[in-house]
>>> print(open('coords12.cif').read())   # mmCIF, C-alpha atoms and all ligand atoms; chains and numbers go by the auth columns
data_my_file
#
loop_
_atom_site.group_PDB
_atom_site.id
_atom_site.type_symbol
_atom_site.label_atom_id
_atom_site.label_comp_id
_atom_site.label_asym_id
_atom_site.label_seq_id
_atom_site.Cartn_x
_atom_site.Cartn_y
_atom_site.Cartn_z
_atom_site.B_iso_or_equiv
_atom_site.auth_seq_id
_atom_site.auth_asym_id
ATOM 1 C CA MET A 1 -3.288 -30.273 -6.241 0.00 79 A
ATOM 2 C CA GLY A 2 -2.044 -27.671 -8.746 0.00 80 A
ATOM 3 C CA ASN A 3 1.287 -27.946 -10.450 0.00 81 A
ATOM 4 C CA LEU A 4 3.899 -25.256 -9.750 0.00 82 A
ATOM 5 C CA ASN A 5 6.389 -26.388 -12.385 0.00 83 A
ATOM 6 C CA ASN A 6 7.772 -23.373 -14.301 0.00 84 A
ATOM 7 C CA LYS A 7 5.548 -20.925 -12.428 0.00 85 A
ATOM 8 C CA LYS A 8 7.220 -17.589 -11.721 0.00 86 A
ATOM 9 C CA ILE A 9 6.917 -16.480 -8.121 0.00 87 A
ATOM 10 C CA LEU A 10 8.201 -13.252 -6.605 0.00 88 A
ATOM 11 C CA LEU A 11 8.853 -13.810 -2.896 0.00 89 A
ATOM 12 C CA ILE A 12 9.087 -10.760 -0.648 0.00 90 A
ATOM 13 C CA ILE A 13 10.797 -11.401 2.678 0.00 91 A
ATOM 14 C CA CYS A 14 10.173 -8.885 5.472 0.00 92 A
ATOM 15 C CA GLY A 15 11.959 -8.337 8.762 0.00 93 A
ATOM 16 C CA GLY A 16 10.510 -10.799 11.248 0.00 94 A
ATOM 17 C CA ILE A 17 11.849 -13.793 13.148 0.00 95 A
ATOM 18 C CA ALA A 18 9.933 -16.082 10.776 0.00 96 A
ATOM 19 C CA ALA A 19 12.167 -14.948 7.901 0.00 97 A
ATOM 20 C CA TYR A 20 14.211 -18.110 8.467 0.00 98 A
ATOM 21 C CA LYS A 21 11.146 -20.060 7.286 0.00 99 A
ATOM 22 C CA SER A 22 11.237 -18.197 3.984 0.00 100 A
ATOM 23 C CA LEU A 23 14.455 -20.072 3.201 0.00 101 A
ATOM 24 C CA GLU A 24 12.493 -23.320 3.512 0.00 102 A
ATOM 25 C CA ILE A 25 9.769 -21.844 1.288 0.00 103 A
ATOM 26 C CA ILE A 26 12.409 -21.129 -1.370 0.00 104 A
ATOM 27 C CA ARG A 27 13.826 -24.651 -1.039 0.00 105 A
ATOM 28 C CA LEU A 28 10.416 -26.282 -1.415 0.00 106 A
ATOM 29 C CA LEU A 29 9.389 -24.039 -4.318 0.00 107 A
ATOM 30 C CA LYS A 30 12.608 -24.840 -6.155 0.00 108 A
ATOM 31 C CA LYS A 31 11.905 -28.544 -5.609 0.00 109 A
ATOM 32 C CA ASP A 32 8.518 -27.991 -7.264 0.00 110 A
ATOM 33 C CA GLY A 33 10.197 -26.429 -10.308 0.00 111 A
ATOM 34 C CA VAL A 34 9.283 -22.819 -9.539 0.00 112 A
ATOM 35 C CA ILE A 35 11.330 -19.952 -10.979 0.00 113 A
ATOM 36 C CA ILE A 36 11.864 -17.571 -8.077 0.00 114 A
ATOM 37 C CA LYS A 37 12.875 -13.960 -7.725 0.00 115 A
ATOM 38 C CA THR A 38 13.166 -12.447 -4.282 0.00 116 A
ATOM 39 C CA ILE A 39 12.971 -9.073 -2.597 0.00 117 A
ATOM 40 C CA LEU A 40 14.511 -8.712 0.838 0.00 118 A
ATOM 41 C CA THR A 41 13.509 -5.651 2.865 0.00 119 A
ATOM 42 C CA LYS A 42 16.190 -3.747 4.760 0.00 120 A
ATOM 43 C CA SER A 43 14.919 -5.267 8.018 0.00 121 A
ATOM 44 C CA GLY A 44 14.567 -8.671 6.361 0.00 122 A
ATOM 45 C CA ALA A 45 18.316 -8.633 5.728 0.00 123 A
ATOM 46 C CA GLU A 46 18.841 -8.414 9.505 0.00 124 A
ATOM 47 C CA PHE A 47 17.283 -11.877 9.824 0.00 125 A
ATOM 48 C CA VAL A 48 18.433 -13.764 6.714 0.00 126 A
ATOM 49 C CA THR A 49 21.431 -12.967 4.562 0.00 127 A
ATOM 50 C CA PRO A 50 21.150 -12.046 0.887 0.00 128 A
ATOM 51 C CA LEU A 51 23.726 -14.779 0.274 0.00 129 A
ATOM 52 C CA SER A 52 21.443 -17.505 1.715 0.00 130 A
ATOM 53 C CA VAL A 53 18.475 -16.207 -0.259 0.00 131 A
ATOM 54 C CA THR A 54 20.348 -15.923 -3.532 0.00 132 A
ATOM 55 C CA SER A 55 22.078 -19.299 -3.120 0.00 133 A
ATOM 56 C CA LEU A 56 18.832 -21.148 -2.471 0.00 134 A
ATOM 57 C CA SER A 57 16.787 -19.311 -5.101 0.00 135 A
ATOM 58 C CA GLN A 58 19.656 -19.420 -7.624 0.00 136 A
ATOM 59 C CA SER A 59 18.736 -15.903 -8.573 0.00 137 A
ATOM 60 C CA LYS A 60 19.668 -12.353 -7.651 0.00 138 A
ATOM 61 C CA VAL A 61 18.026 -10.906 -4.560 0.00 139 A
ATOM 62 C CA TYR A 62 16.541 -7.422 -5.055 0.00 140 A
ATOM 63 C CA GLN A 63 16.916 -5.015 -2.145 0.00 141 A
ATOM 64 C CA ASP A 64 16.909 -1.402 -3.295 0.00 142 A
ATOM 65 C CA LEU A 65 14.269 0.784 -4.856 0.00 143 A
ATOM 66 C CA PHE A 66 16.976 2.951 -6.357 0.00 144 A
ATOM 67 C CA ASN A 67 19.316 0.767 -8.318 0.00 145 A
ATOM 68 C CA LEU A 68 21.766 2.701 -10.428 0.00 146 A
ATOM 69 C CA GLU A 69 22.934 -0.393 -12.312 0.00 147 A
ATOM 70 C CA ASN A 70 19.415 -1.195 -13.411 0.00 148 A
ATOM 71 C CA GLU A 71 17.766 2.197 -13.724 0.00 149 A
ATOM 72 C CA VAL A 72 16.359 1.557 -17.190 0.00 150 A
ATOM 73 C CA GLU A 73 14.565 -1.642 -16.187 0.00 151 A
ATOM 74 C CA MET A 74 12.671 -0.098 -13.228 0.00 152 A
ATOM 75 C CA ASP A 75 12.573 -3.121 -10.944 0.00 153 A
ATOM 76 C CA HIS A 76 9.447 -1.965 -9.119 0.00 154 A
ATOM 77 C CA ILE A 77 7.459 -2.401 -12.339 0.00 155 A
ATOM 78 C CA SER A 78 9.334 -5.194 -14.103 0.00 156 A
ATOM 79 C CA LEU A 79 9.391 -7.556 -11.098 0.00 157 A
ATOM 80 C CA SER A 80 5.626 -7.555 -10.767 0.00 158 A
ATOM 81 C CA ARG A 81 5.075 -7.892 -14.518 0.00 159 A
ATOM 82 C CA TRP A 82 7.493 -10.820 -14.602 0.00 160 A
ATOM 83 C CA ALA A 83 5.739 -12.761 -11.823 0.00 161 A
ATOM 84 C CA ASP A 84 2.724 -15.061 -12.080 0.00 162 A
ATOM 85 C CA LEU A 85 2.118 -14.429 -8.403 0.00 163 A
ATOM 86 C CA ILE A 86 3.611 -12.475 -5.494 0.00 164 A
ATOM 87 C CA LEU A 87 4.050 -13.991 -2.043 0.00 165 A
ATOM 88 C CA ILE A 88 4.973 -11.880 0.988 0.00 166 A
ATOM 89 C CA ALA A 89 6.281 -14.214 3.701 0.00 167 A
ATOM 90 C CA PRO A 90 6.785 -13.269 6.411 0.00 168 A
ATOM 91 C CA ALA A 91 4.618 -10.169 6.140 0.00 169 A
ATOM 92 C CA THR A 92 5.390 -7.848 9.051 0.00 170 A
ATOM 93 C CA ALA A 93 2.934 -5.518 10.774 0.00 171 A
ATOM 94 C CA ASN A 94 4.944 -2.650 9.287 0.00 172 A
ATOM 95 C CA THR A 95 4.723 -3.832 5.682 0.00 173 A
ATOM 96 C CA ILE A 96 1.041 -4.749 6.108 0.00 174 A
ATOM 97 C CA SER A 97 0.422 -1.199 7.331 0.00 175 A
ATOM 98 C CA LYS A 98 2.282 0.231 4.337 0.00 176 A
ATOM 99 C CA LEU A 99 0.293 -1.904 1.886 0.00 177 A
ATOM 100 C CA ALA A 100 -2.982 -0.878 3.536 0.00 178 A
ATOM 101 C CA SER A 101 -2.139 2.822 3.318 0.00 179 A
ATOM 102 C CA GLY A 102 -0.719 2.652 -0.195 0.00 180 A
ATOM 103 C CA SER A 103 2.641 3.822 1.060 0.00 181 A
ATOM 104 C CA SER A 104 5.589 3.025 -1.201 0.00 182 A
ATOM 105 C CA ASP A 105 8.875 4.033 0.403 0.00 183 A
ATOM 106 C CA ASP A 106 10.859 0.879 -0.339 0.00 184 A
ATOM 107 C CA LEU A 107 11.103 -1.699 -3.120 0.00 185 A
ATOM 108 C CA ALA A 108 8.717 -4.219 -1.490 0.00 186 A
ATOM 109 C CA SER A 109 5.849 -1.778 -0.922 0.00 187 A
ATOM 110 C CA THR A 110 6.364 -0.065 -4.284 0.00 188 A
ATOM 111 C CA VAL A 111 6.248 -3.399 -6.152 0.00 189 A
ATOM 112 C CA ALA A 112 3.048 -4.323 -4.299 0.00 190 A
ATOM 113 C CA LEU A 113 1.433 -0.975 -5.105 0.00 191 A
ATOM 114 C CA ALA A 114 2.476 -1.198 -8.755 0.00 192 A
ATOM 115 C CA SER A 115 1.466 -4.837 -9.070 0.00 193 A
ATOM 116 C CA ASN A 116 -1.051 -6.245 -11.519 0.00 194 A
ATOM 117 C CA LYS A 117 -0.785 -9.736 -9.987 0.00 195 A
ATOM 118 C CA LYS A 118 -2.422 -11.685 -7.190 0.00 196 A
ATOM 119 C CA ILE A 119 -0.606 -11.041 -3.914 0.00 197 A
ATOM 120 C CA PHE A 120 -0.601 -13.589 -1.083 0.00 198 A
ATOM 121 C CA ILE A 121 0.501 -12.468 2.371 0.00 199 A
ATOM 122 C CA ALA A 122 1.583 -14.719 5.233 0.00 200 A
ATOM 123 C CA PRO A 123 1.640 -12.483 8.326 0.00 201 A
ATOM 124 C CA ALA A 124 3.965 -13.253 11.223 0.00 202 A
ATOM 125 C CA MET A 125 4.117 -11.204 14.385 0.00 203 A
ATOM 126 C CA ASN A 126 3.635 -11.134 18.119 0.00 204 A
ATOM 127 C CA VAL A 127 0.056 -11.854 19.218 0.00 205 A
ATOM 128 C CA ARG A 128 -0.433 -8.293 20.549 0.00 206 A
ATOM 129 C CA MET A 129 0.737 -6.811 17.256 0.00 207 A
ATOM 130 C CA TRP A 130 -1.640 -9.124 15.395 0.00 208 A
ATOM 131 C CA GLU A 131 -4.576 -8.329 17.684 0.00 209 A
ATOM 132 C CA HIS A 132 -3.962 -4.568 17.656 0.00 210 A
ATOM 133 C CA GLN A 133 -6.893 -2.672 16.177 0.00 211 A
ATOM 134 C CA SER A 134 -4.634 -0.966 13.647 0.00 212 A
ATOM 135 C CA THR A 135 -3.400 -4.317 12.292 0.00 213 A
ATOM 136 C CA LYS A 136 -6.977 -5.641 12.240 0.00 214 A
ATOM 137 C CA GLN A 137 -8.101 -2.599 10.245 0.00 215 A
ATOM 138 C CA ASN A 138 -5.145 -2.931 7.876 0.00 216 A
ATOM 139 C CA ILE A 139 -5.885 -6.607 7.221 0.00 217 A
ATOM 140 C CA LYS A 140 -9.545 -5.810 6.609 0.00 218 A
ATOM 141 C CA LYS A 141 -8.480 -3.216 4.040 0.00 219 A
ATOM 142 C CA LEU A 142 -6.052 -5.587 2.337 0.00 220 A
ATOM 143 C CA LYS A 143 -8.836 -8.145 1.909 0.00 221 A
ATOM 144 C CA THR A 144 -10.960 -5.524 0.153 0.00 222 A
ATOM 145 C CA TYR A 145 -7.943 -4.778 -2.067 0.00 223 A
ATOM 146 C CA ASN A 146 -7.998 -8.452 -3.103 0.00 224 A
ATOM 147 C CA TYR A 147 -4.917 -9.559 -1.181 0.00 225 A
ATOM 148 C CA GLU A 148 -5.103 -13.229 -0.185 0.00 226 A
ATOM 149 C CA LEU A 149 -4.312 -14.004 3.435 0.00 227 A
ATOM 150 C CA ILE A 150 -2.524 -17.206 4.504 0.00 228 A
ATOM 151 C CA GLY A 151 -2.632 -17.740 8.282 0.00 229 A
ATOM 152 C CA PRO A 152 -1.419 -16.685 10.735 0.00 230 A
ATOM 153 C CA GLU A 153 -1.657 -19.626 13.111 0.00 231 A
ATOM 154 C CA VAL A 154 -2.064 -19.912 16.859 0.00 232 A
ATOM 155 C CA GLY A 155 0.933 -21.225 18.791 0.00 233 A
ATOM 156 C CA ASP A 156 4.059 -20.572 20.820 0.00 234 A
ATOM 157 C CA MET A 157 5.971 -17.549 19.610 0.00 235 A
ATOM 158 C CA ALA A 158 9.690 -16.889 19.382 0.00 236 A
ATOM 159 C CA CYS A 159 9.232 -14.054 21.919 0.00 237 A
ATOM 160 C CA GLY A 160 7.989 -16.561 24.524 0.00 238 A
ATOM 161 C CA GLU A 161 4.311 -15.571 24.312 0.00 239 A
ATOM 162 C CA TYR A 162 1.438 -17.694 23.025 0.00 240 A
ATOM 163 C CA GLY A 163 -1.373 -16.769 20.655 0.00 241 A
ATOM 164 C CA GLU A 164 -2.330 -15.989 17.088 0.00 242 A
ATOM 165 C CA GLY A 165 0.405 -14.506 14.910 0.00 243 A
ATOM 166 C CA LYS A 166 2.692 -17.399 14.006 0.00 244 A
ATOM 167 C CA MET A 167 3.461 -17.642 10.315 0.00 245 A
ATOM 168 C CA SER A 168 1.895 -20.684 8.640 0.00 246 A
ATOM 169 C CA GLU A 169 4.296 -23.515 7.924 0.00 247 A
ATOM 170 C CA PRO A 170 6.039 -23.394 4.513 0.00 248 A
ATOM 171 C CA LYS A 171 4.224 -26.533 3.264 0.00 249 A
ATOM 172 C CA GLU A 172 0.858 -25.030 4.205 0.00 250 A
ATOM 173 C CA ILE A 173 1.724 -21.781 2.382 0.00 251 A
ATOM 174 C CA ILE A 174 2.798 -23.659 -0.729 0.00 252 A
ATOM 175 C CA ASN A 175 -0.375 -25.778 -0.667 0.00 253 A
ATOM 176 C CA LYS A 176 -2.425 -22.566 -0.766 0.00 254 A
ATOM 177 C CA LEU A 177 -0.479 -21.436 -3.843 0.00 255 A
ATOM 178 C CA LYS A 178 -1.087 -24.793 -5.520 0.00 256 A
ATOM 179 C CA ILE A 179 -4.813 -24.528 -4.834 0.00 257 A
ATOM 180 C CA TYR A 180 -4.798 -21.035 -6.370 0.00 258 A
ATOM 181 C CA PHE A 181 -3.054 -22.164 -9.574 0.00 259 A
ATOM 182 C CA LYS A 182 -5.363 -25.164 -9.801 0.00 260 A
ATOM 183 C CA SER A 183 -8.424 -22.911 -9.560 0.00 261 A
ATOM 184 C CA LEU A 184 -6.988 -20.622 -12.268 0.00 262 A
ATOM 185 C CA LYS A 185 -6.504 -23.618 -14.562 0.00 263 A
ATOM 186 C CA GLN A 186 -10.053 -24.793 -13.863 0.00 264 A
ATOM 187 C CA LYS A 187 -11.419 -21.317 -14.654 0.00 265 A
ATOM 188 C CA LYS A 188 -9.590 -21.350 -18.010 0.00 266 A
ATOM 189 C CA ILE A 189 -11.029 -24.789 -18.854 0.00 267 A
ATOM 190 C CA ASN A 190 -14.546 -23.654 -17.868 0.00 268 A
ATOM 191 C CA SER A 191 -14.319 -20.480 -19.932 0.00 269 A
ATOM 192 C CA ARG A 192 -13.146 -22.483 -22.987 0.00 270 A
ATOM 193 C CA GLN A 193 -16.109 -24.826 -22.576 0.00 271 A
ATOM 194 C CA SER A 194 -18.713 -22.098 -22.170 0.00 272 A
HETATM 195 C C1 LIG B . 14.285 -9.363 17.023 0.00 301 B
HETATM 196 C C2 LIG B . 13.154 -8.732 16.275 0.00 301 B
HETATM 197 C C3 LIG B . 12.121 -9.511 15.843 0.00 301 B
HETATM 198 C C4 LIG B . 11.039 -8.964 15.153 0.00 301 B
HETATM 199 N N1 LIG B . 10.039 -9.772 14.731 0.00 301 B
HETATM 200 C C5 LIG B . 8.969 -9.231 14.098 0.00 301 B
HETATM 201 C C6 LIG B . 7.905 -10.055 13.664 0.00 301 B
HETATM 202 O O1 LIG B . 7.910 -11.283 13.817 0.00 301 B
HETATM 203 N N2 LIG B . 6.864 -9.474 13.049 0.00 301 B
HETATM 204 C C7 LIG B . 6.796 -8.119 12.835 0.00 301 B
HETATM 205 O O2 LIG B . 5.789 -7.654 12.292 0.00 301 B
HETATM 206 N N3 LIG B . 7.816 -7.316 13.204 0.00 301 B
HETATM 207 C C8 LIG B . 8.895 -7.841 13.831 0.00 301 B
HETATM 208 N N4 LIG B . 9.928 -7.023 14.219 0.00 301 B
HETATM 209 C C9 LIG B . 9.872 -5.593 13.895 0.00 301 B
HETATM 210 C C10 LIG B . 10.238 -5.336 12.428 0.00 301 B
HETATM 211 O O3 LIG B . 11.535 -5.838 12.145 0.00 301 B
HETATM 212 C C11 LIG B . 10.170 -3.837 12.135 0.00 301 B
HETATM 213 O O4 LIG B . 8.835 -3.382 12.304 0.00 301 B
HETATM 214 C C12 LIG B . 10.680 -3.474 10.751 0.00 301 B
HETATM 215 O O5 LIG B . 10.524 -2.088 10.551 0.00 301 B
HETATM 216 C C13 LIG B . 9.947 -4.230 9.653 0.00 301 B
HETATM 217 O O6 LIG B . 10.399 -3.770 8.407 0.00 301 B
HETATM 218 P P1 LIG B . 9.859 -4.373 7.029 0.00 301 B
HETATM 219 O O7 LIG B . 8.377 -4.453 7.135 0.00 301 B
HETATM 220 O O8 LIG B . 10.292 -3.356 6.024 0.00 301 B
HETATM 221 O O9 LIG B . 10.538 -5.666 6.803 0.00 301 B
HETATM 222 C C14 LIG B . 11.017 -7.560 14.893 0.00 301 B
HETATM 223 C C15 LIG B . 12.089 -6.779 15.319 0.00 301 B
HETATM 224 C C16 LIG B . 13.143 -7.349 15.998 0.00 301 B
HETATM 225 C C17 LIG B . 14.290 -6.472 16.437 0.00 301 B
#
>>> encode(input="coords12.cif", output="structure tokens")
Amino acid sequence: MGNLNNKKILLIICGGIAAYKSLEIIRLLKKDGVIIKTILTKSGAEFVTPLSVTSLSQSKVYQDLFNLENEVEMDHISLSRWADLILIAPATANTISKLASGSSDDLASTVALASNKKIFIAPAMNVRMWEHQSTKQNIKKLKTYNYELIGPEVGDMACGEYGEGKMSEPKEIINKLKIYFKSLKQKKINSRQS
């Protein structure tokens, strides 16, 4: 499995029940030696507090597109350039729709649109939201835009329903990232040998 030590990962946390699992993702990534920066959407902050995110990641949590203290740095560009990889977990139906349409009305969607990095998304939503034709179309588009999908899984949902739409478990998500970094390393070795 690939090594995550010293990798720089930008984690975007959207507003879904599964946001609590993003805290576990941060904890596990830190254990693996990852340097993390986080973006919390406005709705995401309804589910997990910026204080929890910043304490676990040991780094500032970015929330606003317009940041008067940091105007010169332009977070929506610098965050993506800083990262080796971007992970959106949980990815809500709303944010998925914004990414598919190229909309950029908050920091998360603007960073994704301005990104020059691989973006992994771990969707999490009610089964009907996941199975809705509009979400299906959006996901299809994101795949053609080279987004990498992780999950979702089938199971019991927080809303009491059952079906596909549960966010993959943090360990599963992290394994996918490790596989990605391992394949990058392998590609580099192959290109040096050829
Ligand atoms: C209690 C509650 C739970 C929600 N859970 C989800 C969810 O799991 N997945 C989802 O796509 N939206 C969920 N939503 C709706 C999103 O919070 C809403 O669409 C929001 O605009 C998403 O914003 P964001 O994509 O900017 O984070 C939930 C809303 C509430 C009130």
>>> closest_residue(input="coords12.cif", among="A:Ile164, A:Ile257, A:Ile155, A:Val205", to="ligand LIG 301 (chain B)", atoms="only C-alpha atoms and all ligand atoms")
A:Val205
>>> atom_distance(input="coords12.cif", atom1="atom CA of Ala200 of chain A", atom2="atom C14 of ligand LIG 301 (chain B)")
15.3 Å
>>> atom_distance(input="coords12.cif", atom1="atom CA of Lys85 of chain A", atom2="atom CA of Ser135 of chain A")
13.5 Å
>>> resolve_selection(input="coords12.cif", expression="the PyMOL selection byres (((chain A and resi 258-265) around 12) and not hetatm)", output="PyMOL selection string")
chain A and resi 79-87+162-163+196-198+226+228+251-257+266-272
>>> closest_residue(input="coords12.cif", among="A:Glu231, A:Glu209, A:Leu220, A:Met245", to="ligand LIG 301 (chain B)", atoms="only C-alpha atoms and all ligand atoms")
A:Met245
>>> decode(input="coords12.cif", residues="segment 125-165 of chain A", atoms="C-alpha atoms", output="short mmCIF file (atom, residue, chain, number, x, y, z; two decimals), in the first residue's frame")
data_model
loop_
_atom_site.label_atom_id
_atom_site.label_comp_id
_atom_site.auth_asym_id
_atom_site.auth_seq_id
_atom_site.Cartn_x
_atom_site.Cartn_y
_atom_site.Cartn_z
CA PHE A 125 -22.73 19.31 11.40
CA VAL A 126 -19.15 19.59 12.70
CA THR A 127 -17.60 22.57 14.42
CA PRO A 128 -14.61 24.45 13.01
CA LEU A 129 -13.01 23.94 16.42
CA SER A 130 -13.15 20.12 16.13
CA VAL A 131 -11.79 20.24 12.59
CA THR A 132 -8.97 22.63 13.39
CA SER A 133 -8.02 20.82 16.61
CA LEU A 134 -7.77 17.44 14.91
CA SER A 135 -6.06 18.70 11.75
CA GLN A 136 -3.79 21.04 13.74
CA SER A 137 -4.33 23.59 11.03
CA LYS A 138 -6.65 26.48 10.24
CA VAL A 139 -10.01 25.61 8.73
CA TYR A 140 -10.94 27.66 5.65
CA GLN A 141 -14.58 28.66 5.34
CA ASP A 142 -15.00 31.84 3.32
CA LEU A 143 -14.40 32.67 -0.31
CA PHE A 144 -13.98 36.31 0.61
CA ASN A 145 -11.37 36.59 3.29
CA LEU A 146 -10.30 40.13 3.99
CA GLU A 147 -7.35 39.06 6.15
CA ASN A 148 -5.92 36.96 3.35
CA GLU A 149 -6.97 38.79 0.21
CA VAL A 150 -3.51 38.79 -1.34
CA GLU A 151 -3.07 35.03 -1.07
CA MET A 152 -6.35 34.14 -2.86
CA ASP A 153 -7.20 30.95 -0.99
CA HIS A 154 -9.25 29.52 -3.85
CA ILE A 155 -6.08 29.28 -5.95
CA SER A 156 -3.38 28.77 -3.32
CA LEU A 157 -5.17 25.91 -1.51
CA SER A 158 -5.36 23.79 -4.63
CA ARG A 159 -1.79 24.58 -5.66
CA TRP A 160 -0.59 23.65 -2.18
CA ALA A 161 -2.28 20.23 -2.16
CA ASP A 162 -1.03 16.96 -3.61
CA LEU A 163 -4.63 15.80 -3.72
CA ILE A 164 -8.12 17.05 -2.86
CA LEU A 165 -10.67 14.89 -1.06
#
